[in-house]
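The structure file protein14.txt is reproduced below (compact mmCIF, C-alpha atoms).
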```txt
# COMPACT_ATOMS: atom_id res chain seq x y z
CA MET A 1 -23.62 12.03 -18.27
CA GLN A 2 -26.81 12.43 -16.31
CA SER A 3 -26.79 8.78 -15.30
CA TRP A 4 -23.12 9.03 -14.28
CA ARG A 5 -23.89 11.97 -12.06
CA HIS A 6 -26.86 10.23 -10.59
CA ARG A 7 -24.80 7.16 -9.83
CA ALA A 8 -22.04 9.23 -8.22
CA ARG A 9 -24.61 10.96 -6.01
CA THR A 10 -26.09 7.63 -4.94
CA VAL A 11 -22.64 6.33 -4.06
CA VAL A 12 -21.67 9.40 -2.02
CA ARG A 13 -24.92 9.40 -0.03
CA HIS A 14 -24.69 5.72 0.88
CA PRO A 15 -23.73 5.24 4.57
CA GLU A 16 -20.94 2.88 3.54
CA PHE A 17 -19.25 5.73 1.67
CA ALA A 18 -18.86 7.60 4.96
CA ARG A 19 -17.70 4.44 6.67
CA GLY A 20 -15.06 3.77 4.00
CA ALA A 21 -13.84 7.35 4.29
CA ARG A 22 -13.86 7.27 8.10
CA GLU A 23 -11.86 4.06 8.33
CA MET A 24 -9.30 5.48 5.91
CA VAL A 25 -9.00 8.69 7.95
CA GLY A 26 -7.50 6.55 10.73
CA VAL A 27 -4.43 5.97 8.59
CA ALA A 28 -4.61 9.15 6.47
CA LEU A 29 -2.01 10.85 8.67
CA GLY A 30 0.46 8.14 7.73
CA ILE A 31 -0.53 8.26 4.05
CA GLY A 32 -0.11 12.04 4.08
CA ALA A 33 3.30 11.88 5.75
CA TRP A 34 4.36 9.31 3.22
CA GLY A 35 3.09 11.43 0.32
CA LEU A 36 4.98 14.41 1.72
CA VAL A 37 8.18 12.40 1.92
CA THR A 38 7.71 10.97 -1.59
CA GLY A 39 7.13 14.44 -3.04
CA MET A 40 10.23 15.76 -1.30
CA ALA A 41 12.34 12.76 -2.28
CA MET A 42 11.38 13.02 -5.94
CA VAL A 43 12.64 16.61 -6.13
CA LYS A 44 15.64 16.02 -3.87
CA GLY A 45 16.46 12.97 -5.98
CA GLY A 46 17.00 15.40 -8.82
CA LEU A 47 13.74 15.24 -10.76
CA GLU A 48 12.54 18.50 -12.24
CA PRO A 49 9.50 19.81 -10.33
CA TRP A 50 7.12 19.66 -13.33
CA ALA A 51 8.05 16.01 -13.90
CA ALA A 52 7.58 15.28 -10.20
CA VAL A 53 4.10 16.86 -10.30
CA LEU A 54 3.13 14.94 -13.44
CA MET A 55 4.42 11.70 -11.97
CA SER A 56 2.68 12.26 -8.65
CA LEU A 57 -0.69 12.95 -10.19
CA THR A 58 -0.67 10.13 -12.74
CA VAL A 59 1.52 7.22 -11.59
CA PHE A 60 -0.14 6.97 -8.15
CA ALA A 61 2.21 4.30 -6.78
CA GLY A 62 4.31 5.69 -3.93
CA THR A 63 6.94 2.99 -3.51
CA ALA A 64 7.61 2.88 -7.25
CA GLN A 65 7.84 6.69 -7.45
CA LEU A 66 10.30 6.80 -4.55
CA ALA A 67 12.48 4.16 -6.14
CA VAL A 68 12.56 5.40 -9.74
CA ALA A 69 12.94 9.16 -9.12
CA PRO A 70 16.71 8.96 -8.50
CA LEU A 71 17.08 6.57 -11.44
CA MET A 72 15.34 9.00 -13.79
CA ALA A 73 17.35 11.94 -12.47
CA SER A 74 20.63 10.11 -12.99
CA GLY A 75 19.68 9.31 -16.60
CA ALA A 76 19.26 5.54 -16.22
CA PRO A 77 17.96 3.71 -19.33
CA ILE A 78 14.18 3.87 -19.58
CA TRP A 79 13.82 0.06 -19.44
CA VAL A 80 15.66 -0.03 -16.09
CA VAL A 81 13.21 2.55 -14.71
CA TRP A 82 10.26 0.50 -15.98
CA ALA A 83 11.68 -2.81 -14.71
CA THR A 84 12.18 -1.34 -11.23
CA ALA A 85 8.63 0.01 -11.09
CA LEU A 86 7.26 -3.28 -12.39
CA CYS A 87 8.99 -5.31 -9.66
CA LEU A 88 7.74 -2.97 -6.96
CA ASN A 89 4.21 -3.14 -8.34
CA LEU A 90 4.10 -6.94 -8.64
CA ARG A 91 2.34 -7.09 -5.29
CA PHE A 92 -0.63 -5.38 -6.96
CA VAL A 93 -0.90 -8.33 -9.35
CA ILE A 94 -1.29 -10.57 -6.29
CA PHE A 95 -3.84 -8.16 -4.79
CA SER A 96 -5.80 -8.00 -8.07
CA ALA A 97 -6.44 -11.74 -7.92
CA GLN A 98 -8.08 -11.11 -4.54
CA TRP A 99 -10.11 -8.17 -5.88
CA ARG A 100 -11.51 -10.08 -8.85
CA PRO A 101 -14.38 -11.95 -7.14
CA TYR A 102 -15.73 -8.62 -5.81
CA LEU A 103 -15.51 -6.67 -9.07
CA ARG A 104 -15.83 -9.15 -11.94
CA GLN A 105 -19.55 -8.60 -12.61
CA LEU A 106 -19.05 -4.86 -13.24
CA PRO A 107 -18.75 -3.43 -16.78
CA PHE A 108 -15.20 -3.15 -18.13
CA LYS A 109 -14.90 0.63 -17.84
CA ARG A 110 -15.86 0.66 -14.18
CA ARG A 111 -13.55 -2.27 -13.44
CA ALA A 112 -10.71 -0.38 -15.12
CA LEU A 113 -11.40 2.81 -13.18
CA MET A 114 -11.67 1.02 -9.84
CA SER A 115 -8.60 -1.15 -10.39
CA TYR A 116 -6.48 1.99 -10.93
CA PHE A 117 -7.32 3.09 -7.37
CA THR A 118 -6.67 -0.25 -5.65
CA ALA A 119 -3.69 0.97 -3.61
CA ASP A 120 -2.26 -0.95 -0.66
CA LEU A 121 -4.37 0.50 2.12
CA ASN A 122 -7.58 0.39 0.08
CA TYR A 123 -6.90 -3.29 -0.38
CA VAL A 124 -6.16 -3.94 3.29
CA LEU A 125 -9.19 -2.06 4.64
CA PHE A 126 -11.58 -3.43 2.02
CA MET A 127 -10.56 -7.05 2.64
CA ARG A 128 -10.95 -6.52 6.37
CA ARG A 129 -14.41 -5.02 5.92
CA PHE A 130 -15.58 -7.66 3.40
CA PRO A 131 -13.77 -10.93 4.13
CA GLU A 132 -16.31 -12.95 2.12
CA PRO A 133 -15.15 -12.92 -1.56
CA ALA A 134 -18.53 -12.21 -3.12
CA PRO A 135 -19.98 -8.99 -4.58
CA ALA A 136 -22.42 -6.93 -2.50
CA PRO A 137 -24.00 -3.53 -3.25
CA GLU A 138 -22.50 -1.77 -0.20
CA GLN A 139 -18.97 -2.56 -1.37
CA ILE A 140 -18.91 0.09 -4.10
CA PRO A 141 -19.66 3.10 -1.84
CA TYR A 142 -17.26 1.75 0.81
CA PHE A 143 -14.57 1.47 -1.85
CA TRP A 144 -15.02 5.03 -3.14
CA GLY A 145 -15.16 6.52 0.36
CA GLY A 146 -11.76 5.01 1.08
CA VAL A 147 -10.38 6.11 -2.30
CA LEU A 148 -11.47 9.70 -1.72
CA VAL A 149 -9.51 9.95 1.53
CA ASN A 150 -6.58 7.82 0.40
CA ALA A 151 -5.96 9.41 -3.00
CA GLY A 152 -6.94 12.85 -1.71
CA SER A 153 -4.51 12.95 1.19
CA TRP A 154 -1.83 11.30 -0.93
CA HIS A 155 -1.98 13.79 -3.80
CA LEU A 156 -2.36 16.84 -1.60
CA MET A 157 0.59 16.01 0.61
CA SER A 158 2.73 14.79 -2.25
CA LEU A 159 2.26 18.12 -4.06
CA LEU A 160 3.05 19.92 -0.81
CA GLY A 161 6.23 17.85 -0.50
CA ILE A 162 7.30 18.87 -4.01
CA VAL A 163 6.76 22.54 -3.14
CA LEU A 164 8.47 22.33 0.25
CA ALA A 165 11.26 19.99 -0.85
CA ASP A 166 14.05 22.39 0.10
CA ARG A 167 12.47 23.70 3.30
CA ILE A 168 11.84 20.55 5.36
CA PRO A 169 14.95 19.02 6.95
CA ALA A 170 15.35 15.30 6.31
CA GLU A 171 16.34 14.70 9.97
CA TRP A 172 12.72 15.11 11.03
CA GLY A 173 12.29 11.57 9.81
CA LEU A 174 8.74 12.15 8.61
CA GLY A 175 8.88 8.94 6.61
CA PHE A 176 8.71 7.16 9.95
CA ALA A 177 5.07 8.20 10.29
CA GLY A 178 4.35 6.23 7.11
CA THR A 179 6.14 3.19 8.52
CA VAL A 180 4.18 3.41 11.78
CA ALA A 181 0.93 3.70 9.81
CA LEU A 182 1.77 0.43 8.09
CA LEU A 183 2.68 -1.07 11.48
CA ALA A 184 -0.72 -0.11 12.90
CA MET A 185 -2.35 -1.59 9.78
CA THR A 186 -0.44 -4.83 10.27
CA TYR A 187 -1.44 -5.10 13.93
CA SER A 188 -5.10 -4.65 13.10
CA MET A 189 -4.82 -7.44 10.53
CA LEU A 190 -3.01 -9.70 12.99
CA ALA A 191 -5.73 -9.11 15.54
CA ASP A 192 -8.28 -10.33 13.01
CA ARG A 193 -6.61 -13.58 12.07
CA ALA A 194 -3.90 -15.83 13.42
CA THR A 195 -1.18 -14.91 10.95
CA TRP A 196 1.67 -14.18 13.33
CA LEU A 197 4.04 -16.86 12.07
CA PRO A 198 3.73 -15.97 8.35
CA ALA A 199 4.15 -12.30 9.27
CA LEU A 200 7.27 -12.84 11.38
CA LEU A 201 8.87 -15.02 8.73
CA ALA A 202 8.05 -12.47 6.01
CA GLY A 203 9.77 -9.78 8.07
CA ALA A 204 12.86 -11.93 8.59
CA ALA A 205 12.92 -12.84 4.89
CA ALA A 206 12.62 -9.19 3.83
CA VAL A 207 15.62 -8.26 6.00
CA ALA A 208 17.70 -11.31 5.04
CA ALA A 209 17.09 -10.83 1.31
CA TYR A 210 17.52 -7.06 1.44
CA ALA A 211 20.67 -7.16 -0.70
CA LEU A 212 18.72 -8.39 -3.74
CA PRO A 213 18.39 -5.82 -6.53
CA LEU A 214 15.12 -4.07 -7.52
CA LYS A 215 13.62 -4.60 -4.05
CA LEU A 216 13.02 -8.23 -4.94
CA ASN A 217 13.21 -8.95 -1.20
CA MET A 218 9.55 -7.83 -1.16
CA LEU A 219 8.60 -10.77 -3.37
CA VAL A 220 10.75 -13.18 -1.35
CA ALA A 221 8.92 -12.06 1.79
CA ILE A 222 5.47 -12.37 0.19
CA ALA A 223 6.36 -15.85 -1.08
CA ALA A 224 7.54 -16.83 2.42
CA ALA A 225 4.29 -15.62 4.00
CA VAL A 226 2.16 -17.44 1.41
CA ALA A 227 4.18 -20.67 1.70
CA VAL A 228 4.11 -20.77 5.51
CA GLY A 229 0.44 -19.77 5.63
CA THR A 230 -0.46 -22.56 3.20
CA ILE A 231 1.53 -25.11 5.19
CA ILE A 232 -0.18 -24.07 8.44
CA ASP A 233 -3.61 -24.27 6.80
CA HIS A 234 -2.94 -27.76 5.55
CA ALA A 235 -1.47 -28.94 8.84
CA ARG A 236 -4.77 -28.09 10.56
CA PRO A 237 -7.42 -29.19 8.06
CA ALA A 238 -10.18 -29.26 10.70
CA GLN A 239 -9.76 -25.54 11.43
CA ARG A 240 -9.72 -24.34 7.84
CA PRO A 241 -12.38 -21.74 7.25
CA ALA A 242 -15.27 -22.77 5.04
CA ARG A 243 -15.06 -20.87 1.75
CA MET B 244 16.67 12.88 -19.81
CA SER B 245 15.04 15.11 -22.37
CA THR B 246 11.49 16.36 -21.88
CA LEU B 247 10.18 13.83 -24.40
CA GLU B 248 12.01 10.98 -22.67
CA LEU B 249 10.67 12.06 -19.28
CA VAL B 250 7.09 12.13 -20.57
CA LEU B 251 7.54 8.74 -22.27
CA THR B 252 9.01 7.25 -19.07
CA ILE B 253 6.16 8.60 -16.96
CA ALA B 254 3.57 7.34 -19.48
CA GLY B 255 5.14 3.88 -19.20
CA LEU B 256 5.00 4.08 -15.40
CA VAL B 257 1.28 4.93 -15.57
CA LEU B 258 0.75 1.93 -17.83
CA ILE B 259 2.61 -0.29 -15.34
CA THR B 260 0.32 0.94 -12.54
CA ILE B 261 -2.77 0.18 -14.65
CA VAL B 262 -1.62 -3.24 -15.83
CA THR B 263 -0.38 -4.51 -12.44
CA ARG B 264 -3.41 -3.25 -10.47
CA GLY B 265 -5.84 -4.54 -13.06
CA PHE B 266 -4.03 -7.76 -13.93
CA PHE B 267 -6.71 -10.16 -12.70
CA ILE B 268 -9.53 -7.57 -12.58
CA LEU B 269 -9.57 -6.45 -16.23
CA PRO B 270 -9.85 -9.74 -18.20
CA GLU B 271 -13.42 -10.78 -19.07
CA ARG B 272 -12.72 -14.45 -18.65
CA GLU B 273 -11.36 -16.20 -15.58
CA LEU B 274 -7.58 -16.63 -15.65
CA PRO B 275 -6.74 -20.14 -14.45
CA MET B 276 -5.22 -20.30 -10.98
CA PRO B 277 -4.77 -23.41 -8.80
CA ALA B 278 -6.94 -23.54 -5.67
CA TRP B 279 -3.99 -23.83 -3.27
CA LEU B 280 -2.52 -20.63 -4.67
CA ARG B 281 -5.82 -18.80 -4.38
CA GLU B 282 -6.05 -19.91 -0.73
CA GLY B 283 -2.43 -19.08 0.02
CA LEU B 284 -2.69 -15.59 -1.45
CA ARG B 285 -4.69 -14.58 1.61
CA TYR B 286 -1.33 -14.32 3.34
CA ALA B 287 0.20 -12.08 0.65
CA PRO B 288 -0.91 -8.68 2.01
CA ILE B 289 0.45 -9.26 5.49
CA GLY B 290 3.70 -10.46 3.90
CA ALA B 291 3.91 -7.33 1.74
CA LEU B 292 3.21 -4.99 4.66
CA VAL B 293 5.77 -6.60 6.95
CA ALA B 294 8.29 -6.68 4.10
CA VAL B 295 8.06 -2.90 3.81
CA ILE B 296 8.13 -2.27 7.57
CA ALA B 297 10.84 -4.64 8.85
CA PRO B 298 13.80 -3.17 6.91
CA GLU B 299 12.63 0.37 7.76
CA LEU B 300 12.79 -0.46 11.46
CA VAL B 301 15.90 -2.58 11.89
CA MET B 302 18.23 -1.61 9.03
CA SER B 303 20.25 1.43 8.06
CA ASN B 304 22.27 1.80 4.88
CA GLY B 305 21.39 -1.74 3.87
CA ARG B 306 22.72 -3.36 7.07
CA LEU B 307 21.09 -4.72 10.21
CA ILE B 308 21.56 -2.16 13.00
CA GLY B 309 23.98 -3.32 15.72
CA THR B 310 22.66 -1.22 18.61
CA TRP B 311 19.46 -0.93 20.60
CA MET B 312 20.05 2.81 20.90
CA ASP B 313 18.01 3.64 17.82
CA ALA B 314 15.11 6.09 18.00
CA ARG B 315 13.08 3.98 15.54
CA LEU B 316 13.02 0.96 17.88
CA PHE B 317 11.57 3.05 20.70
CA GLY B 318 9.07 4.66 18.37
CA ALA B 319 7.94 1.23 17.16
CA ALA B 320 7.75 -0.10 20.75
CA ALA B 321 5.65 2.89 21.83
CA ALA B 322 3.37 2.47 18.80
CA THR B 323 2.95 -1.22 19.64
CA ALA B 324 2.14 -0.49 23.27
CA TRP B 325 -0.41 2.15 22.28
CA PHE B 326 -2.08 -0.15 19.80
CA VAL B 327 -2.33 -3.00 22.34
CA TRP B 328 -3.79 -0.56 24.87
CA ARG B 329 -6.22 1.47 22.73
CA ARG B 330 -6.58 -0.38 19.39
CA ASP B 331 -6.65 2.97 17.63
CA MET B 332 -4.65 3.66 14.49
CA LEU B 333 -4.43 7.43 14.56
CA GLY B 334 -3.13 7.41 18.15
CA THR B 335 -0.65 4.69 17.24
CA ILE B 336 0.79 6.81 14.43
CA VAL B 337 1.00 9.96 16.56
CA VAL B 338 2.55 8.22 19.58
CA GLY B 339 5.02 6.17 17.54
CA THR B 340 6.25 9.13 15.51
CA GLY B 341 6.29 11.40 18.58
CA VAL B 342 8.39 9.02 20.66
CA MET B 343 10.78 8.49 17.74
CA LEU B 344 11.22 12.27 17.38
CA ILE B 345 11.79 12.69 21.16
CA PHE B 346 14.56 10.12 21.12
CA ARG B 347 16.08 11.47 17.91
CA MET B 348 15.94 15.15 18.80
CA GLY B 349 16.44 14.79 22.55
CA LEU B 350 19.09 12.09 22.72
CA GLY B 351 20.41 12.16 19.18
CA TRP B 352 19.81 8.42 18.70
```

I need this file expressed as structure tokens, please.
Amino acid sequence: MQSWRHRARTVVRHPEFARGAREMVGVALGIGAWGLVTGMAMVKGGLEPWAAVLMSLTVFAGTAQLAVAPLMASGAPIWVVWATALCLNLRFVIFSAQWRPYLRQLPFKRRALMSYFTADLNYVLFMRRFPEPAPAPEQIPYFWGGVLVNAGSWHLMSLLGIVLADRIPAEWGLGFAGTVALLAMTYSMLADRATWLPALLAGAAAVAAYALPLKLNMLVAIAAAVAVGTIIDHARPAQRPAR
Amino acid sequence: MSTLELVLTIAGLVLITIVTRGFFILPERELPMPAWLREGLRYAPIGALVAVIAPELVMSNGRLIGTWMDARLFGAAAATAWFVWRRDMLGTIVVGTGVMLIFRMGLGW
């Protein structure tokens, strides 16, 4: 216990902890708006408030929560609920392959704890901060700084959304703030690396394949981005980054 | 759903979060993956982000919108302009959402 506390204190005092938190604050408004909308949608979708609270605090996967709340409220079979969440979370499997080189030397318990918190924006900001896939001591405090702000603003606003579900009119379109946050995130990634073509094609694929069930259009879009990116890389072998 | 079923469903959802997020992080030994896939996966996050955004901006009720008079398009354009100008995320979110609300509340688009 003592050593755990000591380690936590060391992490929090590290300058990279503040940096991780600060960089996440830039998008926290969007995360918060999204959490608010998810909390509202879960209750408006017909989920009992206690179940919405439990789900919000434990599941910690916004897109999946948004999608399965109406299913659960309408009494869909449990396996359908699980299958939907699984499809929406498949992107995290892809992300986890990218996380591995940074985390693999840590003990199992710490890997398990950290992997639970590897949400979308933690992934995006971390990979932008540490593009080189090798472990470094400053990565851990940076990671936890981002998690504090990300999970904190998410849970707080999501609980607020559950409480205020019947008081905030849907026409305000607060979910749009979440979309714009992701847009800003995307632009900052595009500025870092020439990935315009894969991004554009992924967007077109996501719209074209929208009619697929279980939001499988997400996977079609990711596959399109990966395929086009790989082709571009191989077409310009001289410019491939050394890895 | 009964209380028990709800709790069971939610427990399963938690497990899905843990297993998907930890899929390649948790195993002790390296899971085999071809090099081209490892390289190509660098493009996955941008694909995932755009896949969430694009339908939110240009579709309603599962169809491509047929008009340019949509508050979301102006919000997105304003957000883009702000980002190009200032490179600042917080401002981008505030400006994009603000412009969208102006068009929606003011013009009813």

Would you mind reading off the distance between CA of Arg347 (chain B) and CA of Ala314 (chain B), one decimal, in Å?
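Rounded to one decimal, the two atoms are 5.5 Å apart.
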
Between A:Ala8, A:Met114, A:Val220, A:Met189, which one has atoms that come closest to Met127 (chain A), using all atoms listed in the file?
A:Met189

Which residues, written as a list in words, have at least one atom at most 9 Å from Tyr116 (chain A), with only C-alpha atoms counted and residues fewer than 6 positions away on the same chain left out?
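The filter keeps Phe60 of chain A; Thr260, Ile261, Val262, Arg264 and Gly265 of chain B.
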
Within 12 Å of Lys109 (chain A), counting all atoms listed in the file, which residues qualify if same-chain residues fewer than 4 places away don't, as an NGL selection string?
(:A and (103-105 or 113-116)) or (:B and (265 or 268-271))

Write a file of the just-selected residues containing C-alpha atoms, as a short mmCIF file (atom, residue, chain, number, x, y, z; two decimals), in the coordinates of the input.
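And here is the file that came out, out-v2.cif:
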```
data_model
loop_
_atom_site.label_atom_id
_atom_site.label_comp_id
_atom_site.auth_asym_id
_atom_site.auth_seq_id
_atom_site.Cartn_x
_atom_site.Cartn_y
_atom_site.Cartn_z
CA LEU A 103 -15.51 -6.67 -9.07
CA ARG A 104 -15.83 -9.15 -11.94
CA GLN A 105 -19.55 -8.60 -12.61
CA LEU A 113 -11.40 2.81 -13.18
CA MET A 114 -11.67 1.02 -9.84
CA SER A 115 -8.60 -1.15 -10.39
CA TYR A 116 -6.48 1.99 -10.93
CA GLY B 265 -5.84 -4.54 -13.06
CA ILE B 268 -9.53 -7.57 -12.58
CA LEU B 269 -9.57 -6.45 -16.23
CA PRO B 270 -9.85 -9.74 -18.20
CA GLU B 271 -13.42 -10.78 -19.07
#
```

If you count only C-alpha atoms, which residues fall within 12 Å of Val25 (chain A), apart from same-chain ones fewer than 2 positions away, as JSON, numbers by chain?
{"A": [18, 19, 20, 21, 22, 23, 27, 28, 29, 30, 31, 32, 121, 122, 125, 145, 146, 147, 148, 149, 150, 151, 152, 153, 154, 181], "B": [331, 332, 333, 334, 336]}

Save out the residues we just selected, C-alpha atoms, as a compact mmCIF listing (two decimals), keeping the file's coordinate frame.
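The resulting file, again.txt, is shown below:
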```txt
# COMPACT_ATOMS: atom_id res chain seq x y z
CA ALA A 18 -18.86 7.60 4.96
CA ARG A 19 -17.70 4.44 6.67
CA GLY A 20 -15.06 3.77 4.00
CA ALA A 21 -13.84 7.35 4.29
CA ARG A 22 -13.86 7.27 8.10
CA GLU A 23 -11.86 4.06 8.33
CA VAL A 27 -4.43 5.97 8.59
CA ALA A 28 -4.61 9.15 6.47
CA LEU A 29 -2.01 10.85 8.67
CA GLY A 30 0.46 8.14 7.73
CA ILE A 31 -0.53 8.26 4.05
CA GLY A 32 -0.11 12.04 4.08
CA LEU A 121 -4.37 0.50 2.12
CA ASN A 122 -7.58 0.39 0.08
CA LEU A 125 -9.19 -2.06 4.64
CA GLY A 145 -15.16 6.52 0.36
CA GLY A 146 -11.76 5.01 1.08
CA VAL A 147 -10.38 6.11 -2.30
CA LEU A 148 -11.47 9.70 -1.72
CA VAL A 149 -9.51 9.95 1.53
CA ASN A 150 -6.58 7.82 0.40
CA ALA A 151 -5.96 9.41 -3.00
CA GLY A 152 -6.94 12.85 -1.71
CA SER A 153 -4.51 12.95 1.19
CA TRP A 154 -1.83 11.30 -0.93
CA ALA A 181 0.93 3.70 9.81
CA ASP B 331 -6.65 2.97 17.63
CA MET B 332 -4.65 3.66 14.49
CA LEU B 333 -4.43 7.43 14.56
CA GLY B 334 -3.13 7.41 18.15
CA ILE B 336 0.79 6.81 14.43
```

Counting all atoms listed in the file, what are the residues of chain A within 6 Å of chain B, and for each of them which pair of atoms is the nearest and at what distance in Å, to one decimal? Sort the table by chain and rising number, as CSV.
```
residue,atom,partner,partner_atom,distance
A:Gly26,CA,B:Leu333,CA,5.0
A:Val59,CA,B:Val257,CA,4.6
A:Gly75,CA,B:Met244,CA,5.7
A:Phe92,CA,B:Arg264,CA,5.0
A:Val93,CA,B:Thr263,CA,4.9
A:Ser96,CA,B:Phe267,CA,5.2
A:Ala97,CA,B:Phe267,CA,5.0
A:Arg100,CA,B:Ile268,CA,4.9
A:Ser115,CA,B:Gly265,CA,5.1
A:Tyr116,CA,B:Ile261,CA,5.6
A:Ala177,CA,B:Thr340,CA,5.4
A:Thr179,CA,B:Ile296,CA,5.9
A:Val180,CA,B:Ile336,CA,5.5
A:Ala181,CA,B:Ile336,CA,5.6
A:Ala184,CA,B:Met332,CA,5.7
A:Ala199,CA,B:Gly290,CA,5.7
A:Ala202,CA,B:Gly290,CA,5.2
A:Gly203,CA,B:Val293,CA,5.2
A:Ala206,CA,B:Ala294,CA,5.0
A:Val207,CA,B:Pro298,CA,5.5
A:Met218,CA,B:Ala294,CA,5.5
A:Ala221,CA,B:Gly290,CA,5.9
A:Ile222,CA,B:Gly290,CA,4.5
A:Ala225,CA,B:Gly290,CA,5.2
A:Val226,CA,B:Tyr286,CA,5.1
A:Thr230,CA,B:Gly283,CA,5.1
```

Set the distance at 12 Å and use all atoms listed in the file: which residues neighbour Val163 (chain A) once local chain neighbours fewer than 5 positions away are removed? I'd like the list as a VMD selection string.
chain A and resid 36 to 44 48 to 50 52 to 53 156 to 158 168

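In this model, the gap between CA of Ala33 (chain A) and CA of Gly178 (chain A) comes to 5.9 Å.
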
Using only C-alpha atoms, which of A:Leu160, A:Leu216, A:Ala227, A:Pro101 sits nearest Pro135 (chain A)?
A:Pro101

By how many Å are CA of Thr84 (chain A) and CA of Ala69 (chain A) apart?
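These atoms are spaced 10.7 Å apart.
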
Proximity to Leu57 (chain A) - best of A:Asn217, A:Arg236, A:Arg91, A:Gly35, only C-alpha atoms
A:Gly35
